[in-house]
Structures are given as structure tokens and as C-alpha cells.
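upload-v6.pdb (PDB, N, CA and C atoms)
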ATOM      1  N   MET A  15      -7.893 -10.008   0.594
ATOM      2  CA  MET A  15      -7.011  -9.356   1.522
ATOM      3  C   MET A  15      -7.459  -7.918   1.679
ATOM      4  N   HIS A  16      -6.972  -7.249   2.733
ATOM      5  CA  HIS A  16      -7.327  -5.851   2.961
ATOM      6  C   HIS A  16      -6.272  -5.171   3.832
ATOM      7  N   PHE A  17      -6.216  -3.857   3.718
ATOM      8  CA  PHE A  17      -5.337  -3.072   4.578
ATOM      9  C   PHE A  17      -6.018  -2.895   5.934
ATOM     10  N   ASP A  18      -5.241  -2.929   6.996
ATOM     11  CA  ASP A  18      -5.760  -2.688   8.332
ATOM     12  C   ASP A  18      -6.323  -1.267   8.375
ATOM     13  N   SER A  19      -7.566  -1.135   8.794
ATOM     14  CA  SER A  19      -8.257   0.159   8.743
ATOM     15  C   SER A  19      -7.703   1.198   9.702
ATOM     16  N   LYS A  20      -6.891   0.791  10.671
ATOM     17  CA  LYS A  20      -6.339   1.794  11.586
ATOM     18  C   LYS A  20      -5.183   2.577  10.950
ATOM     19  N   TYR A  21      -4.704   2.124   9.798
ATOM     20  CA  TYR A  21      -3.627   2.822   9.102
ATOM     21  C   TYR A  21      -4.192   3.724   8.015
ATOM     22  N   LYS A  22      -3.627   4.915   7.919
ATOM     23  CA  LYS A  22      -4.015   5.886   6.897
ATOM     24  C   LYS A  22      -2.750   6.424   6.247
ATOM     25  N   VAL A  23      -2.890   6.932   5.033
ATOM     26  CA  VAL A  23      -1.758   7.555   4.349
ATOM     27  C   VAL A  23      -1.957   9.065   4.412
ATOM     28  N   ARG A  24      -0.884   9.749   4.762
ATOM     29  CA  ARG A  24      -0.895  11.204   4.827
ATOM     30  C   ARG A  24       0.237  11.734   3.965
ATOM     31  N   ALA A  25      -0.040  12.826   3.267
ATOM     32  CA  ALA A  25       1.004  13.514   2.499
ATOM     33  C   ALA A  25       1.669  14.498   3.446
ATOM     34  N   ILE A  26       2.955  14.285   3.665
ATOM     35  CA  ILE A  26       3.726  15.136   4.577
ATOM     36  C   ILE A  26       5.007  15.531   3.869
ATOM     37  N   ALA A  27       5.177  16.830   3.656
ATOM     38  CA  ALA A  27       6.382  17.379   3.028
ATOM     39  C   ALA A  27       6.695  16.680   1.701
ATOM     40  N   GLY A  28       5.666  16.440   0.906
ATOM     41  CA  GLY A  28       5.864  15.828  -0.403
ATOM     42  C   GLY A  28       6.051  14.323  -0.387
ATOM     43  N   GLU A  29       5.919  13.704   0.769
ATOM     44  CA  GLU A  29       6.059  12.248   0.905
ATOM     45  C   GLU A  29       4.717  11.654   1.312
ATOM     46  N   TYR A  30       4.466  10.431   0.888
ATOM     47  CA  TYR A  30       3.286   9.700   1.327
ATOM     48  C   TYR A  30       3.712   8.787   2.473
ATOM     49  N   ILE A  31       3.173   9.055   3.664
ATOM     50  CA  ILE A  31       3.568   8.345   4.872
ATOM     51  C   ILE A  31       2.379   7.576   5.431
ATOM     52  N   VAL A  32       2.602   6.303   5.782
ATOM     53  CA  VAL A  32       1.567   5.498   6.421
ATOM     54  C   VAL A  32       1.646   5.772   7.918
ATOM     55  N   VAL A  33       0.493   6.135   8.498
ATOM     56  CA  VAL A  33       0.448   6.427   9.926
ATOM     57  C   VAL A  33      -0.574   5.528  10.610
ATOM     58  N   ASP A  34      -0.275   5.184  11.837
ATOM     59  CA  ASP A  34      -1.161   4.369  12.669
ATOM     60  C   ASP A  34      -2.077   5.327  13.418
ATOM     61  N   GLN A  35      -3.349   5.329  13.079
ATOM     62  CA  GLN A  35      -4.311   6.234  13.690
ATOM     63  C   GLN A  35      -4.540   5.922  15.164
ATOM     64  N   GLY A  36      -4.163   4.737  15.613
ATOM     65  CA  GLY A  36      -4.427   4.327  16.988
ATOM     66  C   GLY A  36      -3.349   4.704  17.989
ATOM     67  N   ARG A  37      -2.289   5.320  17.530
ATOM     68  CA  ARG A  37      -1.194   5.659  18.440
ATOM     69  C   ARG A  37      -1.111   7.155  18.649
ATOM     70  N   SER A  38      -0.907   7.540  19.889
ATOM     71  CA  SER A  38      -0.804   8.967  20.182
ATOM     72  C   SER A  38       0.607   9.491  19.937
ATOM     73  N   LYS A  39       1.589   8.603  19.976
ATOM     74  CA  LYS A  39       2.975   9.012  19.735
ATOM     75  C   LYS A  39       3.506   8.261  18.523
ATOM     76  N   VAL A  40       4.274   8.946  17.712
ATOM     77  CA  VAL A  40       4.817   8.354  16.499
ATOM     78  C   VAL A  40       6.261   7.947  16.726
ATOM     79  N   ASP A  41       6.591   6.723  16.354
ATOM     80  CA  ASP A  41       7.971   6.239  16.411
ATOM     81  C   ASP A  41       8.634   6.619  15.089
ATOM     82  N   MET A  42       9.411   7.685  15.094
ATOM     83  CA  MET A  42      10.003   8.199  13.863
ATOM     84  C   MET A  42      11.101   7.291  13.316
ATOM     85  N   THR A  43      11.476   6.240  14.034
ATOM     86  CA  THR A  43      12.476   5.301  13.518
ATOM     87  C   THR A  43      11.829   4.252  12.621
ATOM     88  N   GLN A  44      10.497   4.234  12.578
ATOM     89  CA  GLN A  44       9.807   3.209  11.811
ATOM     90  C   GLN A  44       8.773   3.837  10.869
ATOM     91  N   ILE A  45       9.233   4.744  10.036
ATOM     92  CA  ILE A  45       8.367   5.415   9.076
ATOM     93  C   ILE A  45       8.175   4.522   7.850
ATOM     94  N   ILE A  46       6.940   4.440   7.381
ATOM     95  CA  ILE A  46       6.639   3.711   6.159
ATOM     96  C   ILE A  46       6.273   4.752   5.112
ATOM     97  N   SER A  47       7.130   4.867   4.115
ATOM     98  CA  SER A  47       6.937   5.846   3.058
ATOM     99  C   SER A  47       6.553   5.121   1.770
ATOM    100  N   LEU A  48       5.583   5.673   1.043
ATOM    101  CA  LEU A  48       5.121   5.068  -0.200
ATOM    102  C   LEU A  48       5.552   5.911  -1.388
ATOM    103  N   ASN A  49       6.002   5.255  -2.447
ATOM    104  CA  ASN A  49       6.254   5.987  -3.690
ATOM    105  C   ASN A  49       4.914   6.216  -4.386
ATOM    106  N   SER A  50       4.923   6.871  -5.524
ATOM    107  CA  SER A  50       3.659   7.240  -6.171
ATOM    108  C   SER A  50       2.839   6.030  -6.605
ATOM    109  N   SER A  51       3.474   4.971  -7.077
ATOM    110  CA  SER A  51       2.699   3.799  -7.491
ATOM    111  C   SER A  51       2.139   3.051  -6.275
ATOM    112  N   ALA A  52       2.884   2.982  -5.189
ATOM    113  CA  ALA A  52       2.373   2.359  -3.963
ATOM    114  C   ALA A  52       1.220   3.184  -3.395
ATOM    115  N   ASN A  53       1.335   4.506  -3.465
ATOM    116  CA  ASN A  53       0.247   5.355  -3.005
ATOM    117  C   ASN A  53      -0.994   5.165  -3.871
ATOM    118  N   LEU A  54      -0.813   5.015  -5.176
ATOM    119  CA  LEU A  54      -1.942   4.744  -6.065
ATOM    120  C   LEU A  54      -2.647   3.453  -5.654
ATOM    121  N   LEU A  55      -1.869   2.415  -5.392
ATOM    122  CA  LEU A  55      -2.460   1.155  -4.942
ATOM    123  C   LEU A  55      -3.248   1.362  -3.650
ATOM    124  N   TRP A  56      -2.669   2.100  -2.713
ATOM    125  CA  TRP A  56      -3.345   2.360  -1.437
ATOM    126  C   TRP A  56      -4.664   3.089  -1.686
ATOM    127  N   GLU A  57      -4.617   4.143  -2.494
ATOM    128  CA  GLU A  57      -5.825   4.930  -2.769
ATOM    129  C   GLU A  57      -6.918   4.094  -3.427
ATOM    130  N   GLN A  58      -6.537   3.257  -4.371
ATOM    131  CA  GLN A  58      -7.506   2.476  -5.130
ATOM    132  C   GLN A  58      -8.057   1.276  -4.364
ATOM    133  N   LEU A  59      -7.284   0.745  -3.411
ATOM    134  CA  LEU A  59      -7.645  -0.528  -2.790
ATOM    135  C   LEU A  59      -8.017  -0.442  -1.316
ATOM    136  N   SER A  60      -7.707   0.651  -0.649
ATOM    137  CA  SER A  60      -7.990   0.725   0.787
ATOM    138  C   SER A  60      -9.490   0.804   1.034
ATOM    139  N   GLY A  61      -9.886   0.248   2.153
ATOM    140  CA  GLY A  61     -11.287   0.263   2.538
ATOM    141  C   GLY A  61     -12.118  -0.855   1.946
ATOM    142  N   LYS A  62     -11.460  -1.805   1.267
ATOM    143  CA  LYS A  62     -12.208  -2.913   0.670
ATOM    144  C   LYS A  62     -11.323  -4.146   0.554
ATOM    145  N   GLU A  63     -11.964  -5.266   0.351
ATOM    146  CA  GLU A  63     -11.244  -6.502   0.067
ATOM    147  C   GLU A  63     -10.756  -6.444  -1.383
ATOM    148  N   PHE A  64      -9.551  -6.960  -1.618
ATOM    149  CA  PHE A  64      -9.018  -6.976  -2.978
ATOM    150  C   PHE A  64      -8.102  -8.166  -3.159
ATOM    151  N   THR A  65      -7.824  -8.463  -4.422
ATOM    152  CA  THR A  65      -6.922  -9.556  -4.768
ATOM    153  C   THR A  65      -5.652  -8.974  -5.376
ATOM    154  N   ALA A  66      -4.632  -9.794  -5.465
ATOM    155  CA  ALA A  66      -3.398  -9.370  -6.130
ATOM    156  C   ALA A  66      -3.695  -9.034  -7.588
ATOM    157  N   GLU A  67      -4.578  -9.776  -8.213
ATOM    158  CA  GLU A  67      -4.931  -9.514  -9.610
ATOM    159  C   GLU A  67      -5.553  -8.129  -9.772
ATOM    160  N   GLN A  68      -6.373  -7.717  -8.828
ATOM    161  CA  GLN A  68      -6.959  -6.376  -8.888
ATOM    162  C   GLN A  68      -5.877  -5.303  -8.734
ATOM    163  N   ALA A  69      -4.911  -5.554  -7.875
ATOM    164  CA  ALA A  69      -3.802  -4.608  -7.697
ATOM    165  C   ALA A  69      -2.971  -4.508  -8.979
ATOM    166  N   ILE A  70      -2.729  -5.626  -9.602
ATOM    167  CA  ILE A  70      -1.993  -5.637 -10.877
ATOM    168  C   ILE A  70      -2.750  -4.818 -11.917
ATOM    169  N   GLN A  71      -4.056  -4.989 -11.964
ATOM    170  CA  GLN A  71      -4.879  -4.248 -12.915
ATOM    171  C   GLN A  71      -4.798  -2.740 -12.679
ATOM    172  N   VAL A  72      -4.753  -2.325 -11.427
ATOM    173  CA  VAL A  72      -4.606  -0.897 -11.118
ATOM    174  C   VAL A  72      -3.331  -0.351 -11.757
ATOM    175  N   LEU A  73      -2.236  -1.066 -11.590
ATOM    176  CA  LEU A  73      -0.969  -0.578 -12.144
ATOM    177  C   LEU A  73      -0.962  -0.580 -13.665
ATOM    178  N   THR A  74      -1.474  -1.637 -14.272
ATOM    179  CA  THR A  74      -1.463  -1.672 -15.738
ATOM    180  C   THR A  74      -2.437  -0.658 -16.335
ATOM    181  N   ASP A  75      -3.480  -0.311 -15.610
ATOM    182  CA  ASP A  75      -4.418   0.715 -16.076
ATOM    183  C   ASP A  75      -3.820   2.123 -16.017
ATOM    184  N   HIS A  76      -2.915   2.355 -15.078
ATOM    185  CA  HIS A  76      -2.387   3.704 -14.851
ATOM    186  C   HIS A  76      -0.980   3.939 -15.393
ATOM    187  N   TYR A  77      -0.251   2.878 -15.651
ATOM    188  CA  TYR A  77       1.127   3.016 -16.108
ATOM    189  C   TYR A  77       1.340   2.195 -17.378
ATOM    190  N   ASP A  78       2.263   2.609 -18.172
ATOM    191  CA  ASP A  78       2.603   1.902 -19.408
ATOM    192  C   ASP A  78       3.643   0.824 -19.085
ATOM    193  N   ILE A  79       3.174  -0.239 -18.408
ATOM    194  CA  ILE A  79       4.056  -1.343 -18.030
ATOM    195  C   ILE A  79       3.383  -2.659 -18.400
ATOM    196  N   THR A  80       4.202  -3.688 -18.487
ATOM    197  CA  THR A  80       3.664  -5.017 -18.790
ATOM    198  C   THR A  80       2.992  -5.610 -17.559
ATOM    199  N   ARG A  81       2.178  -6.600 -17.796
ATOM    200  CA  ARG A  81       1.534  -7.292 -16.690
ATOM    201  C   ARG A  81       2.581  -7.952 -15.788
ATOM    202  N   GLU A  82       3.638  -8.474 -16.405
ATOM    203  CA  GLU A  82       4.699  -9.137 -15.636
ATOM    204  C   GLU A  82       5.391  -8.146 -14.701
ATOM    205  N   GLN A  83       5.676  -6.941 -15.194
ATOM    206  CA  GLN A  83       6.309  -5.928 -14.340
ATOM    207  C   GLN A  83       5.360  -5.505 -13.225
ATOM    208  N   ALA A  84       4.088  -5.314 -13.561
ATOM    209  CA  ALA A  84       3.090  -4.946 -12.553
ATOM    210  C   ALA A  84       2.977  -6.037 -11.489
ATOM    211  N   ALA A  85       2.980  -7.293 -11.916
ATOM    212  CA  ALA A  85       2.881  -8.418 -10.967
ATOM    213  C   ALA A  85       4.072  -8.440 -10.019
ATOM    214  N   ALA A  86       5.264  -8.202 -10.544
ATOM    215  CA  ALA A  86       6.461  -8.173  -9.699
ATOM    216  C   ALA A  86       6.388  -7.011  -8.715
ATOM    217  N   ASP A  87       5.955  -5.848  -9.181
ATOM    218  CA  ASP A  87       5.839  -4.679  -8.306
ATOM    219  C   ASP A  87       4.787  -4.895  -7.223
ATOM    220  N   VAL A  88       3.658  -5.470  -7.596
ATOM    221  CA  VAL A  88       2.588  -5.733  -6.633
ATOM    222  C   VAL A  88       3.061  -6.738  -5.595
ATOM    223  N   GLU A  89       3.752  -7.780  -6.006
ATOM    224  CA  GLU A  89       4.236  -8.782  -5.047
ATOM    225  C   GLU A  89       5.173  -8.147  -4.019
ATOM    226  N   LYS A  90       6.078  -7.277  -4.470
ATOM    227  CA  LYS A  90       6.984  -6.596  -3.532
ATOM    228  C   LYS A  90       6.204  -5.699  -2.574
ATOM    229  N   PHE A  91       5.230  -4.960  -3.120
ATOM    230  CA  PHE A  91       4.416  -4.076  -2.293
ATOM    231  C   PHE A  91       3.629  -4.865  -1.249
ATOM    232  N   LEU A  92       2.954  -5.925  -1.677
ATOM    233  CA  LEU A  92       2.151  -6.718  -0.746
ATOM    234  C   LEU A  92       3.008  -7.381   0.319
ATOM    235  N   THR A  93       4.178  -7.866  -0.063
ATOM    236  CA  THR A  93       5.093  -8.467   0.913
ATOM    237  C   THR A  93       5.523  -7.437   1.951
ATOM    238  N   SER A  94       5.846  -6.240   1.504
ATOM    239  CA  SER A  94       6.240  -5.168   2.431
ATOM    240  C   SER A  94       5.109  -4.834   3.394
ATOM    241  N   MET A  95       3.903  -4.726   2.870
ATOM    242  CA  MET A  95       2.758  -4.390   3.719
ATOM    243  C   MET A  95       2.452  -5.509   4.712
ATOM    244  N   ARG A  96       2.610  -6.766   4.272
ATOM    245  CA  ARG A  96       2.418  -7.895   5.208
ATOM    246  C   ARG A  96       3.478  -7.864   6.307
ATOM    247  N   ASN A  97       4.726  -7.615   5.922
ATOM    248  CA  ASN A  97       5.816  -7.592   6.896
ATOM    249  C   ASN A  97       5.624  -6.501   7.948
ATOM    250  N   CYS A  98       4.935  -5.431   7.569
ATOM    251  CA  CYS A  98       4.655  -4.330   8.504
ATOM    252  C   CYS A  98       3.330  -4.533   9.253
ATOM    253  N   HIS A  99       2.669  -5.651   8.999
ATOM    254  CA  HIS A  99       1.388  -5.994   9.623
ATOM    255  C   HIS A  99       0.282  -5.000   9.280
ATOM    256  N   ILE A 100       0.372  -4.442   8.076
ATOM    257  CA  ILE A 100      -0.638  -3.504   7.591
ATOM    258  C   ILE A 100      -1.628  -4.206   6.685
ATOM    259  N   LEU A 101      -1.212  -5.300   6.070
ATOM    260  CA  LEU A 101      -2.053  -6.045   5.144
ATOM    261  C   LEU A 101      -2.450  -7.363   5.778
ATOM    262  N   HIS A 102      -3.722  -7.683   5.687
ATOM    263  CA  HIS A 102      -4.242  -8.932   6.249
ATOM    264  C   HIS A 102      -4.898  -9.751   5.142
ATOM    265  N   ASP A 103      -4.604 -11.042   5.142
ATOM    266  CA  ASP A 103      -5.183 -11.935   4.126
ATOM    267  C   ASP A 103      -6.529 -12.480   4.575
TER
END
Could you render the structure as C-alpha cells?
Amino acid sequence: MHFDSKYKVRAIAGEYIVVDQGRSKVDMTQIISLNSSANLLWEQLSGKEFTAEQAIQVLTDHYDITREQAAADVEKFLTSMRNCHILHD
């Protein structure tokens, strides 16, 4: 799977915001904001093909959490990104 390359993350006012590079106007009613762990996943995995297992490994490498917690967090993140049409399988 991979993130759609037209989307980028920008730090704006202390928030990590996903922006569509292909649009000249921003719809402020549909902002996608990432928390620090979601931003870490984006930074580590964007620009390449990756698996859910690789995403889980990113979280367990950077945070003191169990694999089960990382797997649950990754599943929620990937589902959100798919629902926003940012992640492609």
C-alpha cells in the first residue's frame, strides 16, 4: 500500500495537517489533522510501498507500547486514511 503522492503533511500552528497539493483552494470544512504518532507514520512511510506490519514496527520502535496496541493504532490510522482516499492498496 502507499499514500497518494499528491498529499503532503504541513505543520501549521503546531498541528500536522494533510493537504492536497493538487487543489488551489482549500476546503476548511474537511481538514485532516494528524497526531504525533500518525505524523511519525506518515514521515516514515510516505513515498514508498509499505505493509501494515512495517507500520506496526515503526510504532513499536519509537514508543513503549505492545505490538497489540501498535496493531490496533495502525489499523485505525490506515482505515482513516483509506476513508479519506489518501491511502491506496
Spatial neighbours of Leu48 of chain A, max dist 10 Å, only C-alpha atoms, sep filter under 4 positions, as an NGL selection string: :A and (23-25 or 29-32 or 52-56 or 91)
Rounded to one decimal, what separation in Å do you get between atom N of Tyr21 of chain A and atom C of Ile79 of chain A?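 For atom N of Tyr21 of chain A relative to atom C of Ile79 of chain A, the distance reads 29.7 Å.
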Can you tell me, as a PDB file with N, CA and C atoms, keeping the file's coordinate frame, what residues are no more than 9 Å from Ser60 of chain A when counting only C-alpha atoms, ignoring any on the same chain fewer than 4 positions away?
ATOM      1  N   HIS A  16      -6.972  -7.249   2.733  1.00  0.00           N
ATOM      2  CA  HIS A  16      -7.327  -5.851   2.961  1.00  0.00           C
ATOM      3  C   HIS A  16      -6.272  -5.171   3.832  1.00  0.00           C
ATOM      4  N   PHE A  17      -6.216  -3.857   3.718  1.00  0.00           N
ATOM      5  CA  PHE A  17      -5.337  -3.072   4.578  1.00  0.00           C
ATOM      6  C   PHE A  17      -6.018  -2.895   5.934  1.00  0.00           C
ATOM      7  N   ASP A  18      -5.241  -2.929   6.996  1.00  0.00           N
ATOM      8  CA  ASP A  18      -5.760  -2.688   8.332  1.00  0.00           C
ATOM      9  C   ASP A  18      -6.323  -1.267   8.375  1.00  0.00           C
ATOM     10  N   SER A  19      -7.566  -1.135   8.794  1.00  0.00           N
ATOM     11  CA  SER A  19      -8.257   0.159   8.743  1.00  0.00           C
ATOM     12  C   SER A  19      -7.703   1.198   9.702  1.00  0.00           C
ATOM     13  N   LYS A  22      -3.627   4.915   7.919  1.00  0.00           N
ATOM     14  CA  LYS A  22      -4.015   5.886   6.897  1.00  0.00           C
ATOM     15  C   LYS A  22      -2.750   6.424   6.247  1.00  0.00           C
ATOM     16  N   LEU A  55      -1.869   2.415  -5.392  1.00  0.00           N
ATOM     17  CA  LEU A  55      -2.460   1.155  -4.942  1.00  0.00           C
ATOM     18  C   LEU A  55      -3.248   1.362  -3.650  1.00  0.00           C
ATOM     19  N   TRP A  56      -2.669   2.100  -2.713  1.00  0.00           N
ATOM     20  CA  TRP A  56      -3.345   2.360  -1.437  1.00  0.00           C
ATOM     21  C   TRP A  56      -4.664   3.089  -1.686  1.00  0.00           C
ATOM     22  N   PHE A  64      -9.551  -6.960  -1.618  1.00  0.00           N
ATOM     23  CA  PHE A  64      -9.018  -6.976  -2.978  1.00  0.00           C
ATOM     24  C   PHE A  64      -8.102  -8.166  -3.159  1.00  0.00           C
TER      25      PHE A  64
END
Between atom CA of Asp87 of chain A and atom CA of Thr74 of chain A, what is the distance, to one decimal in Å?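 Distance reported for this atom pair: 10.8 Å.
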Write out as a PyMOL selection string all residues of chain A that DSSP puts in helix (DSSP H, G or I) for this structure's backbone. chain A and resi 50-59+66-76+81-97
Report the distance between atom N of Asp75 of chain A and atom N of Glu89 of chain A in Å, rounded to one decimal place.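 Distance reported for this atom pair: 14.2 Å.
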Per DSSP on the backbone, what are the strand (DSSP E or B) residues of chain A, as a list in words? His16, Phe17, Tyr21, Lys22, Val23, Arg24, Ala25, Ile26, Glu29, Tyr30, Ile31, Val32, Val33, Asp34, Ile46, Ser47, Leu48, Leu101 and His102 of chain A
Could you write out as a PyMOL selection string the residues that the PyMOL selection byres ((chain A and resi 84) around 8) matches in the shown file? chain A and resi 69-74+79-83+85-90
